[in-house]
$ cat model.cif   # mmCIF, C-alpha atoms and all ligand atoms
data_query
#
loop_
_atom_site.group_PDB
_atom_site.id
_atom_site.type_symbol
_atom_site.label_atom_id
_atom_site.label_comp_id
_atom_site.auth_asym_id
_atom_site.auth_seq_id
_atom_site.Cartn_x
_atom_site.Cartn_y
_atom_site.Cartn_z
ATOM 1 C CA MET K 1 -76.521 9.662 11.130
ATOM 2 C CA LYS K 2 -77.360 12.981 9.504
ATOM 3 C CA VAL K 3 -74.977 15.909 9.134
ATOM 4 C CA ILE K 4 -76.807 19.234 9.409
ATOM 5 C CA LYS K 5 -74.985 22.386 8.377
ATOM 6 C CA ASN K 6 -77.704 24.941 8.897
ATOM 7 C CA ALA K 7 -79.013 26.282 12.237
ATOM 8 C CA SER K 8 -82.653 26.743 11.165
ATOM 9 C CA GLN K 9 -82.779 23.237 9.728
ATOM 10 C CA MET K 10 -81.265 21.782 12.911
ATOM 11 C CA GLN K 11 -83.783 23.734 14.987
ATOM 12 C CA ARG K 12 -86.724 22.471 12.896
ATOM 13 C CA ILE K 13 -85.550 18.861 13.225
ATOM 14 C CA ALA K 14 -84.987 19.200 16.985
ATOM 15 C CA PHE K 15 -88.400 20.834 17.458
ATOM 16 C CA LYS K 16 -90.059 17.930 15.676
ATOM 17 C CA HIS K 17 -88.331 15.491 18.027
ATOM 18 C CA LEU K 18 -89.492 17.603 20.968
ATOM 19 C CA LEU K 19 -93.104 17.457 19.726
ATOM 20 C CA ASP K 20 -92.782 13.698 19.240
ATOM 21 C CA GLY K 21 -91.863 13.424 22.942
ATOM 22 C CA ASP K 22 -88.231 12.455 22.342
ATOM 23 C CA GLU K 23 -85.634 13.468 24.923
ATOM 24 C CA ILE K 24 -82.761 15.230 23.236
ATOM 25 C CA GLY K 25 -79.109 15.072 24.330
ATOM 26 C CA LEU K 26 -76.546 17.605 23.155
ATOM 27 C CA VAL K 27 -72.780 17.131 23.194
ATOM 28 C CA PRO K 28 -71.269 20.521 22.322
ATOM 29 C CA THR K 29 -67.750 20.232 20.888
ATOM 30 C CA MET K 30 -65.234 22.046 18.754
ATOM 31 C CA GLY K 31 -64.312 18.791 17.017
ATOM 32 C CA ALA K 32 -60.938 17.009 17.137
ATOM 33 C CA LEU K 33 -62.869 14.390 19.068
ATOM 34 C CA HIS K 34 -61.040 12.150 21.523
ATOM 35 C CA ALA K 35 -61.940 9.568 24.179
ATOM 36 C CA GLY K 36 -63.121 12.387 26.474
ATOM 37 C CA HIS K 37 -65.742 13.465 23.918
ATOM 38 C CA ILE K 38 -66.645 9.829 23.245
ATOM 39 C CA SER K 39 -67.420 9.364 26.949
ATOM 40 C CA LEU K 40 -69.908 12.272 26.703
ATOM 41 C CA ILE K 41 -71.459 10.859 23.523
ATOM 42 C CA GLU K 42 -71.830 7.433 25.144
ATOM 43 C CA LYS K 43 -73.654 8.971 28.109
ATOM 44 C CA SER K 44 -76.059 10.814 25.839
ATOM 45 C CA VAL K 45 -76.710 7.784 23.642
ATOM 46 C CA LYS K 46 -77.529 5.826 26.805
ATOM 47 C CA ASN K 47 -79.748 8.520 28.429
ATOM 48 C CA ASP K 48 -81.466 10.250 25.523
ATOM 49 C CA ASP K 49 -83.702 9.260 22.616
ATOM 50 C CA VAL K 50 -81.785 11.513 20.241
ATOM 51 C CA THR K 51 -78.124 12.539 20.405
ATOM 52 C CA ILE K 52 -76.887 15.685 18.685
ATOM 53 C CA VAL K 53 -73.141 16.372 18.569
ATOM 54 C CA SER K 54 -72.293 19.929 17.589
ATOM 55 C CA ILE K 55 -68.930 20.530 15.953
ATOM 56 C CA PHE K 56 -68.259 24.223 15.750
ATOM 57 C CA ILE K 57 -64.933 25.983 16.288
ATOM 58 C CA ASN K 58 -66.384 29.084 17.802
ATOM 59 C CA PRO K 59 -64.317 32.135 16.768
ATOM 60 C CA VAL K 60 -66.009 34.273 19.430
ATOM 61 C CA GLN K 61 -64.346 32.387 22.274
ATOM 62 C CA PHE K 62 -60.803 32.837 20.926
ATOM 63 C CA GLY K 63 -58.741 35.926 21.742
ATOM 64 C CA PRO K 64 -56.943 37.813 18.954
ATOM 65 C CA ASN K 65 -53.592 36.067 19.529
ATOM 66 C CA GLU K 66 -54.980 32.616 20.254
ATOM 67 C CA ASP K 67 -55.041 29.410 18.225
ATOM 68 C CA TYR K 68 -58.336 29.785 16.271
ATOM 69 C CA LEU K 69 -56.683 29.300 12.892
ATOM 70 C CA LYS K 70 -54.445 26.429 13.907
ATOM 71 C CA TYR K 71 -57.091 24.615 15.998
ATOM 72 C CA PRO K 72 -57.186 20.992 14.673
ATOM 73 C CA ARG K 73 -59.960 20.240 12.152
ATOM 74 C CA PRO K 74 -59.887 16.452 11.460
ATOM 75 C CA ILE K 75 -63.492 16.490 10.276
ATOM 76 C CA LYS K 76 -63.494 13.150 8.427
ATOM 77 C CA ASN K 77 -62.250 11.351 11.515
ATOM 78 C CA ASP K 78 -64.725 13.239 13.737
ATOM 79 C CA LEU K 79 -67.641 12.131 11.574
ATOM 80 C CA GLN K 80 -66.425 8.525 11.668
ATOM 81 C CA ILE K 81 -66.235 8.670 15.467
ATOM 82 C CA CYS K 82 -69.780 10.060 15.675
ATOM 83 C CA LYS K 83 -71.150 7.415 13.337
ATOM 84 C CA LYS K 84 -69.396 4.601 15.151
ATOM 85 C CA ASN K 85 -70.843 5.827 18.444
ATOM 86 C CA TYR K 86 -74.486 5.991 17.292
ATOM 87 C CA VAL K 87 -74.866 9.767 17.111
ATOM 88 C CA ASP K 88 -78.124 10.738 15.391
ATOM 89 C CA TYR K 89 -77.193 14.222 14.195
ATOM 90 C CA VAL K 90 -73.917 16.073 13.780
ATOM 91 C CA PHE K 91 -74.618 19.797 13.752
ATOM 92 C CA MET K 92 -71.818 21.557 11.884
ATOM 93 C CA PRO K 93 -72.876 25.139 11.179
ATOM 94 C CA THR K 94 -70.780 27.728 9.366
ATOM 95 C CA VAL K 95 -69.383 30.753 11.202
ATOM 96 C CA ASN K 96 -71.610 32.986 9.124
ATOM 97 C CA ASP K 97 -74.703 31.036 10.131
ATOM 98 C CA MET K 98 -73.915 31.238 13.857
ATOM 99 C CA PHE K 99 -72.349 34.703 13.925
ATOM 100 C CA PRO K 100 -73.389 36.749 10.888
ATOM 101 C CA SER K 101 -71.698 40.143 10.609
ATOM 102 C CA ASP K 102 -74.707 41.888 12.225
ATOM 103 C CA HIS K 103 -74.695 39.671 15.358
ATOM 104 C CA LYS K 104 -75.038 41.912 18.427
ATOM 105 C CA THR K 105 -76.153 39.775 21.378
ATOM 106 C CA PHE K 106 -73.787 38.277 23.942
ATOM 107 C CA VAL K 107 -74.264 36.365 27.179
ATOM 108 C CA GLU K 108 -72.041 37.212 30.132
ATOM 109 C CA VAL K 109 -71.843 35.446 33.460
ATOM 110 C CA LYS K 110 -70.428 38.216 35.596
ATOM 111 C CA THR K 111 -67.686 37.525 38.151
ATOM 112 C CA LEU K 112 -67.310 33.843 37.225
ATOM 113 C CA GLN K 113 -66.129 34.803 33.748
ATOM 114 C CA ASP K 114 -63.490 37.203 35.085
ATOM 115 C CA ILE K 115 -61.497 34.954 37.430
ATOM 116 C CA MET K 116 -59.019 32.108 36.841
ATOM 117 C CA CYS K 117 -58.838 31.551 33.043
ATOM 118 C CA GLY K 118 -60.861 34.736 32.566
ATOM 119 C CA VAL K 119 -57.936 36.839 33.823
ATOM 120 C CA PHE K 120 -55.800 35.561 30.959
ATOM 121 C CA ARG K 121 -58.583 35.122 28.371
ATOM 122 C CA PRO K 122 -60.848 38.113 29.080
ATOM 123 C CA THR K 123 -63.440 37.497 26.324
ATOM 124 C CA HIS K 124 -63.310 33.709 26.318
ATOM 125 C CA PHE K 125 -66.254 32.818 28.562
ATOM 126 C CA ARG K 126 -68.499 35.448 27.001
ATOM 127 C CA GLY K 127 -67.887 33.635 23.718
ATOM 128 C CA VAL K 128 -68.549 30.253 25.304
ATOM 129 C CA ALA K 129 -71.748 31.336 27.112
ATOM 130 C CA THR K 130 -73.064 32.969 23.942
ATOM 131 C CA VAL K 131 -72.462 30.004 21.641
ATOM 132 C CA VAL K 132 -73.742 27.501 24.216
ATOM 133 C CA SER K 133 -76.972 29.549 24.633
ATOM 134 C CA LYS K 134 -77.415 29.458 20.870
ATOM 135 C CA LEU K 135 -76.768 25.709 20.773
ATOM 136 C CA PHE K 136 -79.338 25.145 23.537
ATOM 137 C CA ASN K 137 -81.924 27.192 21.644
ATOM 138 C CA ILE K 138 -81.196 25.427 18.373
ATOM 139 C CA SER K 139 -81.187 21.884 19.819
ATOM 140 C CA TYR K 140 -84.012 22.071 22.402
ATOM 141 C CA ALA K 141 -81.739 19.810 24.439
ATOM 142 C CA ASP K 142 -83.149 18.147 27.529
ATOM 143 C CA ARG K 143 -79.611 17.343 28.613
ATOM 144 C CA ALA K 144 -76.205 18.723 27.631
ATOM 145 C CA TYR K 145 -72.966 16.960 28.487
ATOM 146 C CA PHE K 146 -69.828 18.829 29.579
ATOM 147 C CA GLY K 147 -66.459 17.463 30.680
ATOM 148 C CA MET K 148 -65.134 18.465 34.090
ATOM 149 C CA LYS K 149 -61.704 19.247 32.655
ATOM 150 C CA ASP K 150 -63.121 22.640 31.727
ATOM 151 C CA PHE K 151 -64.258 23.119 35.316
ATOM 152 C CA GLN K 152 -64.739 26.888 35.111
ATOM 153 C CA GLN K 153 -66.671 26.534 31.846
ATOM 154 C CA LEU K 154 -68.919 23.953 33.503
ATOM 155 C CA LYS K 155 -69.647 26.238 36.477
ATOM 156 C CA ILE K 156 -70.337 29.190 34.184
ATOM 157 C CA ILE K 157 -72.766 27.191 32.083
ATOM 158 C CA GLU K 158 -74.529 25.816 35.162
ATOM 159 C CA LYS K 159 -74.965 29.391 36.427
ATOM 160 C CA MET K 160 -76.152 30.624 33.049
ATOM 161 C CA VAL K 161 -78.749 27.831 32.853
ATOM 162 C CA LYS K 162 -80.032 28.727 36.322
ATOM 163 C CA ASP K 163 -80.033 32.502 35.799
ATOM 164 C CA LEU K 164 -81.649 32.416 32.342
ATOM 165 C CA ASN K 165 -84.093 29.543 33.020
ATOM 166 C CA PHE K 166 -82.883 27.298 30.246
ATOM 167 C CA ARG K 167 -84.760 23.989 30.192
ATOM 168 C CA THR K 168 -81.556 22.074 29.479
ATOM 169 C CA LYS K 169 -80.119 20.035 32.327
ATOM 170 C CA ILE K 170 -76.330 20.095 32.553
ATOM 171 C CA VAL K 171 -74.650 16.725 32.994
ATOM 172 C CA PRO K 172 -71.068 17.053 34.288
ATOM 173 C CA CYS K 173 -68.829 14.189 33.160
ATOM 174 C CA PRO K 174 -65.519 13.038 34.707
ATOM 175 C CA ILE K 175 -62.169 13.971 33.177
ATOM 176 C CA VAL K 176 -60.782 11.277 30.892
ATOM 177 C CA ARG K 177 -57.022 10.846 31.214
ATOM 178 C CA GLU K 178 -54.261 9.059 29.349
ATOM 179 C CA LYS K 179 -52.585 6.191 31.241
ATOM 180 C CA SER K 180 -49.866 8.710 32.166
ATOM 181 C CA GLY K 181 -52.477 10.883 33.894
ATOM 182 C CA LEU K 182 -52.444 13.631 31.253
ATOM 183 C CA ALA K 183 -55.993 14.978 30.847
ATOM 184 C CA LEU K 184 -57.255 14.453 27.291
ATOM 185 C CA SER K 185 -57.560 17.649 25.278
ATOM 186 C CA SER K 186 -57.727 18.428 21.583
ATOM 187 C CA ARG K 187 -54.805 20.789 22.249
ATOM 188 C CA ASN K 188 -52.541 17.904 23.381
ATOM 189 C CA SER K 189 -51.852 17.376 19.662
ATOM 190 C CA TYR K 190 -49.745 20.572 19.774
ATOM 191 C CA LEU K 191 -47.311 18.979 22.265
ATOM 192 C CA SER K 192 -44.043 17.401 21.127
ATOM 193 C CA SER K 193 -43.310 14.042 22.745
ATOM 194 C CA GLN K 194 -40.835 15.732 25.069
ATOM 195 C CA GLU K 195 -43.405 18.385 26.066
ATOM 196 C CA LYS K 196 -45.952 15.630 26.642
ATOM 197 C CA ASN K 197 -43.556 14.025 29.102
ATOM 198 C CA PHE K 198 -43.169 17.366 30.878
ATOM 199 C CA ALA K 199 -46.954 17.872 30.924
ATOM 200 C CA ILE K 200 -47.491 14.629 32.828
ATOM 201 C CA SER K 201 -46.183 16.429 35.936
ATOM 202 C CA ILE K 202 -49.344 18.554 35.984
ATOM 203 C CA SER K 203 -51.735 15.681 36.753
ATOM 204 C CA LYS K 204 -49.138 14.059 39.022
ATOM 205 C CA THR K 205 -48.946 17.293 41.025
ATOM 206 C CA LEU K 206 -52.738 17.497 41.294
ATOM 207 C CA LYS K 207 -52.997 13.918 42.478
ATOM 208 C CA GLU K 208 -50.324 14.441 45.123
ATOM 209 C CA ALA K 209 -52.056 17.655 46.228
ATOM 210 C CA SER K 210 -55.355 15.824 46.697
ATOM 211 C CA ILE K 211 -53.599 13.366 49.038
ATOM 212 C CA GLU K 212 -51.959 16.225 50.998
ATOM 213 C CA PHE K 213 -55.322 18.019 51.258
ATOM 214 C CA LYS K 214 -56.587 15.254 53.546
ATOM 215 C CA ASN K 215 -54.357 16.358 56.419
ATOM 216 C CA LYS K 216 -52.597 19.612 55.498
ATOM 217 C CA PRO K 217 -53.900 23.202 55.430
ATOM 218 C CA PHE K 218 -54.995 24.232 51.936
ATOM 219 C CA ASN K 219 -52.411 27.034 51.674
ATOM 220 C CA ILE K 220 -49.579 24.536 52.234
ATOM 221 C CA VAL K 221 -51.117 22.193 49.661
ATOM 222 C CA ASN K 222 -51.267 25.080 47.191
ATOM 223 C CA LYS K 223 -47.685 26.146 47.894
ATOM 224 C CA ASN K 224 -46.286 22.626 47.501
ATOM 225 C CA ALA K 225 -48.168 22.144 44.232
ATOM 226 C CA LEU K 226 -46.956 25.512 42.943
ATOM 227 C CA ASN K 227 -43.339 24.570 43.691
ATOM 228 C CA LYS K 228 -43.729 21.306 41.790
ATOM 229 C CA LEU K 229 -45.310 23.005 38.764
ATOM 230 C CA LYS K 230 -42.510 25.580 38.724
ATOM 231 C CA LYS K 231 -40.033 22.755 38.129
ATOM 232 C CA ILE K 232 -41.632 21.708 34.826
ATOM 233 C CA PRO K 233 -39.084 22.605 32.116
ATOM 234 C CA ASN K 234 -40.093 25.153 29.476
ATOM 235 C CA SER K 235 -43.318 26.030 31.312
ATOM 236 C CA LYS K 236 -45.174 29.072 32.614
ATOM 237 C CA ILE K 237 -47.941 29.013 35.215
ATOM 238 C CA ASP K 238 -50.984 31.200 34.524
ATOM 239 C CA TYR K 239 -52.622 30.288 37.822
ATOM 240 C CA ILE K 240 -53.005 27.638 40.477
ATOM 241 C CA GLU K 241 -55.990 28.060 42.786
ATOM 242 C CA ILE K 242 -57.937 26.100 45.345
ATOM 243 C CA VAL K 243 -61.564 27.082 44.941
ATOM 244 C CA ASN K 244 -65.054 26.393 46.203
ATOM 245 C CA LEU K 245 -66.696 23.677 44.113
ATOM 246 C CA ASN K 246 -69.927 25.567 43.544
ATOM 247 C CA ASP K 247 -69.039 29.175 42.864
ATOM 248 C CA LEU K 248 -65.256 29.093 42.319
ATOM 249 C CA SER K 249 -64.721 31.550 45.181
ATOM 250 C CA PRO K 250 -61.484 31.118 47.180
ATOM 251 C CA THR K 251 -61.858 28.069 49.403
ATOM 252 C CA SER K 252 -62.382 28.544 53.115
ATOM 253 C CA LYS K 253 -59.936 27.192 55.677
ATOM 254 C CA ASN K 254 -62.361 24.570 56.967
ATOM 255 C CA ALA K 255 -63.724 23.355 53.646
ATOM 256 C CA LYS K 256 -64.018 19.582 53.486
ATOM 257 C CA LYS K 257 -64.098 19.667 49.685
ATOM 258 C CA ALA K 258 -62.478 21.966 47.122
ATOM 259 C CA ALA K 259 -61.129 21.980 43.584
ATOM 260 C CA LEU K 260 -57.503 22.607 42.764
ATOM 261 C CA ALA K 261 -57.440 24.176 39.300
ATOM 262 C CA VAL K 262 -54.425 25.100 37.197
ATOM 263 C CA ALA K 263 -53.530 26.572 33.837
ATOM 264 C CA VAL K 264 -49.962 25.936 32.737
ATOM 265 C CA TRP K 265 -48.173 26.625 29.481
ATOM 266 C CA VAL K 266 -45.858 23.840 28.332
ATOM 267 C CA GLY K 267 -43.898 25.317 25.472
ATOM 268 C CA LYS K 268 -46.473 27.106 23.325
ATOM 269 C CA THR K 269 -49.437 25.021 24.546
ATOM 270 C CA ARG K 270 -51.741 26.188 27.311
ATOM 271 C CA LEU K 271 -53.064 23.258 29.339
ATOM 272 C CA ILE K 272 -55.745 23.319 32.016
ATOM 273 C CA ASP K 273 -56.476 20.631 34.564
ATOM 274 C CA ASN K 274 -58.134 20.262 37.950
ATOM 275 C CA ILE K 275 -58.919 17.801 40.681
ATOM 276 C CA VAL K 276 -61.695 17.664 43.243
ATOM 277 C CA MET K 277 -60.108 17.191 46.684
ATOM 278 C CA THR K 278 -61.834 15.860 49.786
ATOM 279 C CA LYS K 279 -60.697 15.696 53.431
HETATM 280 O O1 LIG K 301 -65.533 22.946 25.536
HETATM 281 C C1 LIG K 301 -65.624 23.210 24.318
HETATM 282 O O2 LIG K 301 -65.238 22.433 23.451
HETATM 283 C C2 LIG K 301 -66.223 24.536 23.905
HETATM 284 O O3 LIG K 301 -65.878 25.542 24.799
HETATM 285 C C3 LIG K 301 -67.750 24.490 23.700
HETATM 286 C C4 LIG K 301 -68.469 24.148 24.987
HETATM 287 C C5 LIG K 301 -68.074 23.445 22.640
HETATM 288 C C6 LIG K 301 -68.251 25.833 23.212
HETATM 289 O O4 LIG K 301 -67.684 26.206 22.012
#
$ encode --input "model.cif" --output "structure tokens"
Amino acid sequence: MKVIKNASQMQRIAFKHLLDGDEIGLVPTMGALHAGHISLIEKSVKNDDVTIVSIFINPVQFGPNEDYLKYPRPIKNDLQICKKNYVDYVFMPTVNDMFPSDHKTFVEVKTLQDIMCGVFRPTHFRGVATVVSKLFNISYADRAYFGMKDFQQLKIIEKMVKDLNFRTKIVPCPIVREKSGLALSSRNSYLSSQEKNFAISISKTLKEASIEFKNKPFNIVNKNALNKLKKIPNSKIDYIEIVNLNDLSPTSKNAKKAALAVAVWVGKTRLIDNIVMTK
């Protein structure tokens, strides 16, 4: 496994693999790798000739009062995980390499970036779309692997790939959960054990909602789920929405499939989760 810290060098290496006919898989991450990331790495190692894991805590996707500085950085452990899971390259650029002070170009996916999480994190998805475009250009990835926990991010990247004709195919991967149901997230490390117990109600609520969705109108499902989330101690709900699976628009009354997506603060930690519901 090679650790590459420079974008031009990574791009040269990836281009050589492309010329050699290798299929390249990219797993974009911000580090603090957990079993969710490992499931993406495993898929790439299985599908692709070359697997690149990027570890870059992208400052451009954090708002001014968000957790950029305190975001976990267990780099030694991350590298061990990559090595153990047969990653070929870990791409770990510096902030200055990715976003030098004269950087001026940003990618925006209008409408999709402004709803749901975008209401509360207005510059977040612009930062994500921009860094992911750069990572695609640097890695020449044939496939890039994204977890479905970040459902809105996944939809935004799929739209960006379509609109801007990127060659990279997006591979959505299922949410990995703890036994308790809690969706894995690098931010779970912020939770105290008591908060973690409270947070379990989020996935429990989603699961119960998906059962109700089979025979109840979606607005009732939404209302019942909202009432359950409201009961979580020391919490604040940013949003709970039932949306169309393709374009995140509000679901229609007769939809046979929809996603229930939530963002909930437990203490000082903002957690997102979602479930795909079918009739
Ligand atoms: O999902 C993440 O970890 C990040 O948003 C991503 C896709 C690596 C971009 O920084």
$ resolve_selection --input "model.cif" --expression "the PyMOL selection byres (((chain K and resi 152) around 12) and not hetatm)" --output "ChimeraX atom specification"
/K:109,111-118,124-125,128-129,146-151,153-159,172,241,243-249,259-263,272-274
$ write_last_selection --input "model.cif" --atoms "C-alpha atoms" --output "PDB file, in the coordinates of the input"
ATOM      1  CA  VAL K 109     -71.843  35.446  33.460  1.00  0.00           C
ATOM      2  CA  THR K 111     -67.686  37.525  38.151  1.00  0.00           C
ATOM      3  CA  LEU K 112     -67.310  33.843  37.225  1.00  0.00           C
ATOM      4  CA  GLN K 113     -66.129  34.803  33.748  1.00  0.00           C
ATOM      5  CA  ASP K 114     -63.490  37.203  35.085  1.00  0.00           C
ATOM      6  CA  ILE K 115     -61.497  34.954  37.430  1.00  0.00           C
ATOM      7  CA  MET K 116     -59.019  32.108  36.841  1.00  0.00           C
ATOM      8  CA  CYS K 117     -58.838  31.551  33.043  1.00  0.00           C
ATOM      9  CA  GLY K 118     -60.861  34.736  32.566  1.00  0.00           C
ATOM     10  CA  HIS K 124     -63.310  33.709  26.318  1.00  0.00           C
ATOM     11  CA  PHE K 125     -66.254  32.818  28.562  1.00  0.00           C
ATOM     12  CA  VAL K 128     -68.549  30.253  25.304  1.00  0.00           C
ATOM     13  CA  ALA K 129     -71.748  31.336  27.112  1.00  0.00           C
ATOM     14  CA  PHE K 146     -69.828  18.829  29.579  1.00  0.00           C
ATOM     15  CA  GLY K 147     -66.459  17.463  30.680  1.00  0.00           C
ATOM     16  CA  MET K 148     -65.134  18.465  34.090  1.00  0.00           C
ATOM     17  CA  LYS K 149     -61.704  19.247  32.655  1.00  0.00           C
ATOM     18  CA  ASP K 150     -63.121  22.640  31.727  1.00  0.00           C
ATOM     19  CA  PHE K 151     -64.258  23.119  35.316  1.00  0.00           C
ATOM     20  CA  GLN K 153     -66.671  26.534  31.846  1.00  0.00           C
ATOM     21  CA  LEU K 154     -68.919  23.953  33.503  1.00  0.00           C
ATOM     22  CA  LYS K 155     -69.647  26.238  36.477  1.00  0.00           C
ATOM     23  CA  ILE K 156     -70.337  29.190  34.184  1.00  0.00           C
ATOM     24  CA  ILE K 157     -72.766  27.191  32.083  1.00  0.00           C
ATOM     25  CA  GLU K 158     -74.529  25.816  35.162  1.00  0.00           C
ATOM     26  CA  LYS K 159     -74.965  29.391  36.427  1.00  0.00           C
ATOM     27  CA  PRO K 172     -71.068  17.053  34.288  1.00  0.00           C
ATOM     28  CA  GLU K 241     -55.990  28.060  42.786  1.00  0.00           C
ATOM     29  CA  VAL K 243     -61.564  27.082  44.941  1.00  0.00           C
ATOM     30  CA  ASN K 244     -65.054  26.393  46.203  1.00  0.00           C
ATOM     31  CA  LEU K 245     -66.696  23.677  44.113  1.00  0.00           C
ATOM     32  CA  ASN K 246     -69.927  25.567  43.544  1.00  0.00           C
ATOM     33  CA  ASP K 247     -69.039  29.175  42.864  1.00  0.00           C
ATOM     34  CA  LEU K 248     -65.256  29.093  42.319  1.00  0.00           C
ATOM     35  CA  SER K 249     -64.721  31.550  45.181  1.00  0.00           C
ATOM     36  CA  ALA K 259     -61.129  21.980  43.584  1.00  0.00           C
ATOM     37  CA  LEU K 260     -57.503  22.607  42.764  1.00  0.00           C
ATOM     38  CA  ALA K 261     -57.440  24.176  39.300  1.00  0.00           C
ATOM     39  CA  VAL K 262     -54.425  25.100  37.197  1.00  0.00           C
ATOM     40  CA  ALA K 263     -53.530  26.572  33.837  1.00  0.00           C
ATOM     41  CA  ILE K 272     -55.745  23.319  32.016  1.00  0.00           C
ATOM     42  CA  ASP K 273     -56.476  20.631  34.564  1.00  0.00           C
ATOM     43  CA  ASN K 274     -58.134  20.262  37.950  1.00  0.00           C
TER      44      ASN K 274
END
$ residues_near_ligand --input "model.cif" --ligand "ligand LIG 301 (chain K)" --cutoff "6 Å" --atoms "only C-alpha atoms and all ligand atoms" --output "list in words"
Pro28, Thr29, Met30, Asn58, Val128 and Val132 of chain K
$ residues_around --input "model.cif" --residues "Phe213 of chain K" --least-positions-apart "4" --cutoff "9 Å" --atoms "only C-alpha atoms" --output "list in words"
Glu208, Ala209, Pro217, Phe218, Ile220, Val221, Met277, Thr278 and Lys279 of chain K
$ atom_distance --input "model.cif" --atom1 "atom CA of Ile38 of chain K" --atom2 "atom CA of Phe120 of chain K"
29.0 Å
$ closest_residue --input "model.cif" --among "K:Met160, K:Leu40, K:Leu206, K:Ala225" --to "Lys110 of chain K" --atoms "all atoms listed in the file"
K:Met160
$ resolve_selection --input "model.cif" --expression "the PyMOL selection byres (((chain K and resi 194) around 12) and not hetatm)" --output "PyMOL selection string"
chain K and resi 190-193+195-200+232-234+266-267
$ write_last_selection --input "model.cif" --atoms "C-alpha atoms" --output "PDB file, in the coordinates of the input"
ATOM      1  CA  TYR K 190     -49.745  20.572  19.774  1.00  0.00           C
ATOM      2  CA  LEU K 191     -47.311  18.979  22.265  1.00  0.00           C
ATOM      3  CA  SER K 192     -44.043  17.401  21.127  1.00  0.00           C
ATOM      4  CA  SER K 193     -43.310  14.042  22.745  1.00  0.00           C
ATOM      5  CA  GLU K 195     -43.405  18.385  26.066  1.00  0.00           C
ATOM      6  CA  LYS K 196     -45.952  15.630  26.642  1.00  0.00           C
ATOM      7  CA  ASN K 197     -43.556  14.025  29.102  1.00  0.00           C
ATOM      8  CA  PHE K 198     -43.169  17.366  30.878  1.00  0.00           C
ATOM      9  CA  ALA K 199     -46.954  17.872  30.924  1.00  0.00           C
ATOM     10  CA  ILE K 200     -47.491  14.629  32.828  1.00  0.00           C
ATOM     11  CA  ILE K 232     -41.632  21.708  34.826  1.00  0.00           C
ATOM     12  CA  PRO K 233     -39.084  22.605  32.116  1.00  0.00           C
ATOM     13  CA  ASN K 234     -40.093  25.153  29.476  1.00  0.00           C
ATOM     14  CA  VAL K 266     -45.858  23.840  28.332  1.00  0.00           C
ATOM     15  CA  GLY K 267     -43.898  25.317  25.472  1.00  0.00           C
TER      16      GLY K 267
END
$ residues_around --input "model.cif" --residues "Leu182 of chain K" --least-positions-apart "3" --cutoff "6 Å" --atoms "all atoms listed in the file" --output "JSON list (two decimals) with C-alpha atoms, keeping the file's coordinate frame"
[["chain", "number", "residue", "atom", "x", "y", "z"],
["K", 177, "ARG", "CA", -57.02, 10.85, 31.21],
["K", 178, "GLU", "CA", -54.26, 9.06, 29.35],
["K", 200, "ILE", "CA", -47.49, 14.63, 32.83],
["K", 203, "SER", "CA", -51.74, 15.68, 36.75]]
$ resolve_selection --input "model.cif" --expression "the PyMOL selection byres (((chain K and resi 62-73) around 7) and not hetatm)" --output "MDAnalysis selection string"
chainID K and resid 31:32 59:61 74:75 121 123:124
$ atom_distance --input "model.cif" --atom1 "atom CA of Ser54 of chain K" --atom2 "atom CA of Tyr86 of chain K"
14.1 Å
$ residues_near_point --input "model.cif" --point "(-70.6, 22.5, 6.0)" --cutoff "10 Å" --atoms "only C-alpha atoms" --output "PDB file with C-alpha atoms, in the coordinates of the input"
ATOM      1  CA  VAL K   3     -74.977  15.909   9.134  1.00  0.00           C
ATOM      2  CA  ILE K   4     -76.807  19.234   9.409  1.00  0.00           C
ATOM      3  CA  LYS K   5     -74.985  22.386   8.377  1.00  0.00           C
ATOM      4  CA  ASN K   6     -77.704  24.941   8.897  1.00  0.00           C
ATOM      5  CA  PHE K  91     -74.618  19.797  13.752  1.00  0.00           C
ATOM      6  CA  MET K  92     -71.818  21.557  11.884  1.00  0.00           C
ATOM      7  CA  PRO K  93     -72.876  25.139  11.179  1.00  0.00           C
ATOM      8  CA  THR K  94     -70.780  27.728   9.366  1.00  0.00           C
ATOM      9  CA  VAL K  95     -69.383  30.753  11.202  1.00  0.00           C
TER      10      VAL K  95
END
$ residues_around --input "model.cif" --residues "Ile13 of chain K" --least-positions-apart "6" --cutoff "12 Å" --atoms "all atoms listed in the file" --output "ChimeraX atom specification"
/K:2-4,6-7,19-20,22,24,50,52,88-91,138-141
$ closest_residue --input "model.cif" --among "K:Ile55, K:Ala255, K:Val161, K:Val107" --to "Cys82 of chain K" --atoms "only C-alpha atoms"
K:Ile55
$ residues_around --input "model.cif" --residues "Ala35 of chain K" --least-positions-apart "5" --cutoff "12 Å" --atoms "only C-alpha atoms" --output "list in words"
Leu40, Ile41, Glu42, Asp78, Ile81, Cys82, Asn85, Gly147, Pro174, Ile175, Val176, Arg177, Glu178, Ala183, Leu184, Ser185 and Ser186 of chain K
